[in-house]
>>> print(open('query_5.txt').read())   # compact mmCIF, C-alpha atoms
# COMPACT_ATOMS: atom_id res chain seq x y z
CA MET A 1089 -0.12 -23.39 -25.08
CA SER A 1090 2.84 -22.33 -27.16
CA THR A 1091 3.99 -18.72 -27.10
CA LEU A 1092 5.82 -19.22 -30.38
CA PRO A 1093 4.40 -17.37 -33.37
CA LYS A 1094 2.14 -19.25 -35.78
CA ILE A 1095 3.79 -19.58 -39.17
CA ALA A 1096 2.27 -19.67 -42.63
CA TRP A 1097 4.63 -21.29 -45.13
CA ILE A 1098 4.00 -20.75 -48.83
CA GLY A 1099 6.06 -22.95 -51.16
CA LEU A 1100 6.95 -26.46 -50.03
CA GLY A 1101 9.40 -27.47 -52.70
CA ILE A 1102 12.95 -28.81 -52.46
CA MET A 1103 14.01 -26.15 -49.95
CA GLY A 1104 10.67 -25.20 -48.41
CA SER A 1105 9.55 -28.63 -47.20
CA PRO A 1106 12.58 -29.43 -45.05
CA MET A 1107 12.73 -25.89 -43.68
CA ALA A 1108 9.06 -25.98 -42.65
CA GLU A 1109 9.56 -29.43 -41.12
CA ASN A 1110 12.49 -28.16 -39.05
CA LEU A 1111 10.26 -25.42 -37.64
CA ILE A 1112 7.64 -28.03 -36.73
CA LYS A 1113 10.32 -30.09 -34.97
CA ALA A 1114 11.32 -26.95 -33.06
CA GLY A 1115 7.77 -26.58 -31.75
CA TYR A 1116 6.28 -24.04 -34.13
CA THR A 1117 2.76 -24.33 -35.51
CA VAL A 1118 3.13 -24.34 -39.30
CA THR A 1119 0.32 -24.10 -41.83
CA GLY A 1120 1.50 -24.55 -45.38
CA TYR A 1121 0.31 -24.15 -48.92
CA THR A 1122 1.82 -25.26 -52.20
CA LEU A 1123 0.53 -26.36 -55.59
CA GLU A 1124 1.66 -29.98 -55.16
CA ALA A 1125 -0.67 -32.26 -53.18
CA ASP A 1126 2.12 -34.68 -52.23
CA LYS A 1127 4.05 -31.85 -50.56
CA LEU A 1128 0.95 -30.93 -48.53
CA GLU A 1129 0.65 -34.55 -47.43
CA ARG A 1130 4.33 -34.53 -46.43
CA LEU A 1131 3.75 -31.42 -44.31
CA ALA A 1132 0.74 -32.99 -42.61
CA LYS A 1133 2.70 -36.19 -41.86
CA ALA A 1134 5.41 -34.05 -40.25
CA GLY A 1135 2.83 -32.48 -37.95
CA GLY A 1136 1.95 -29.34 -39.88
CA THR A 1137 -1.39 -28.26 -41.28
CA ALA A 1138 -2.06 -28.36 -45.01
CA ALA A 1139 -4.08 -25.39 -46.28
CA GLY A 1140 -6.31 -25.39 -49.34
CA SER A 1141 -5.29 -21.88 -50.39
CA ILE A 1142 -2.86 -19.10 -49.62
CA ALA A 1143 -5.65 -17.17 -47.89
CA GLU A 1144 -6.37 -20.15 -45.64
CA ALA A 1145 -2.69 -20.59 -44.82
CA VAL A 1146 -2.15 -16.98 -43.75
CA ALA A 1147 -5.51 -16.38 -42.04
CA ASP A 1148 -4.28 -16.97 -38.48
CA ALA A 1149 -0.54 -16.51 -39.00
CA ASP A 1150 1.78 -14.26 -37.07
CA VAL A 1151 4.57 -14.76 -39.61
CA VAL A 1152 4.37 -15.51 -43.34
CA ILE A 1153 7.32 -17.14 -45.09
CA THR A 1154 7.51 -17.62 -48.85
CA MET A 1155 9.88 -20.04 -50.52
CA VAL A 1156 9.05 -19.69 -54.19
CA PRO A 1157 11.23 -19.51 -57.32
CA ALA A 1158 11.31 -15.80 -58.19
CA SER A 1159 9.77 -12.34 -58.02
CA PRO A 1160 6.72 -13.10 -60.19
CA GLN A 1161 5.60 -15.80 -57.76
CA VAL A 1162 6.20 -13.57 -54.74
CA GLU A 1163 4.16 -10.81 -56.39
CA ALA A 1164 1.35 -13.25 -57.18
CA ILE A 1165 1.27 -14.33 -53.52
CA ALA A 1166 1.43 -10.82 -52.12
CA TYR A 1167 -0.91 -9.07 -54.54
CA GLY A 1168 -3.33 -11.81 -55.45
>>> encode(input="query_5.txt", output="structure tokens")
Amino acid sequence: MSTLPKIAWIGLGIMGSPMAENLIKAGYTVTGYTLEADKLERLAKAGGTAAGSIAEAVADADVVITMVPASPQVEAIAYG
């Protein structure tokens, strides 16, 4: 069993996808969510878990990382 923290990754775009994949390669458990189905498939192919919602992605996470365009998106994630 890994002692590494479980990571929730929100935002799997141009920067987010490769960063999340690097964490998977390093042995982290990554559950991700994004609005684009093809990016969720990419995460799953890399060994991560695709979540159906933000709430699902963060439910069992020790660390939450957001990689979204700007403050309005961060606020929408954090405050609902």
>>> closest_residue(input="query_5.txt", among="A:Met1107, A:Ile1098, A:Ile1153, A:Ala1143", to="A:Glu1124", atoms="all atoms listed in the file")
A:Ile1098
>>> residues_around(input="query_5.txt", residues="stretch 1156-1166 of chain A", least_positions_apart="5", cutoff="9 Å", atoms="all atoms listed in the file", output="list in words")
Ile1098, Gly1099, Leu1100, Gly1101, Gly1104 and Ile1142 of chain A
>>> residues_around(input="query_5.txt", residues="A:Asp1148", least_positions_apart="4", cutoff="10 Å", atoms="all atoms listed in the file", output="MDAnalysis selection string")
chainID A and resid 1094:1096 1119 1143:1144
>>> closest_residue(input="query_5.txt", among="A:Ile1102, A:Lys1127, A:Tyr1116, A:Trp1097", to="A:Ala1145", atoms="all atoms listed in the file")
A:Trp1097
>>> closest_residue(input="query_5.txt", among="A:Thr1091, A:Leu1111, A:Thr1122, A:Lys1133", to="A:Thr1154", atoms="only C-alpha atoms")
A:Thr1122
>>> atom_distance(input="query_5.txt", atom1="atom CA of A:Thr1117", atom2="atom CA of A:Pro1093")
7.5 Å
>>> atom_distance(input="query_5.txt", atom1="atom CA of A:Glu1109", atom2="atom CA of A:Ser1141")
19.1 Å
>>> atom_distance(input="query_5.txt", atom1="atom CA of A:Ser1090", atom2="atom CA of A:Gly1115")
8.0 Å
>>> closest_residue(input="query_5.txt", among="A:Leu1131, A:Ala1147, A:Met1103, A:Met1155", to="A:Val1118", atoms="all atoms listed in the file")
A:Leu1131
>>> closest_residue(input="query_5.txt", among="A:Thr1137, A:Leu1128, A:Ser1105, A:Ala1114", to="A:Ala1149", atoms="all atoms listed in the file")
A:Thr1137
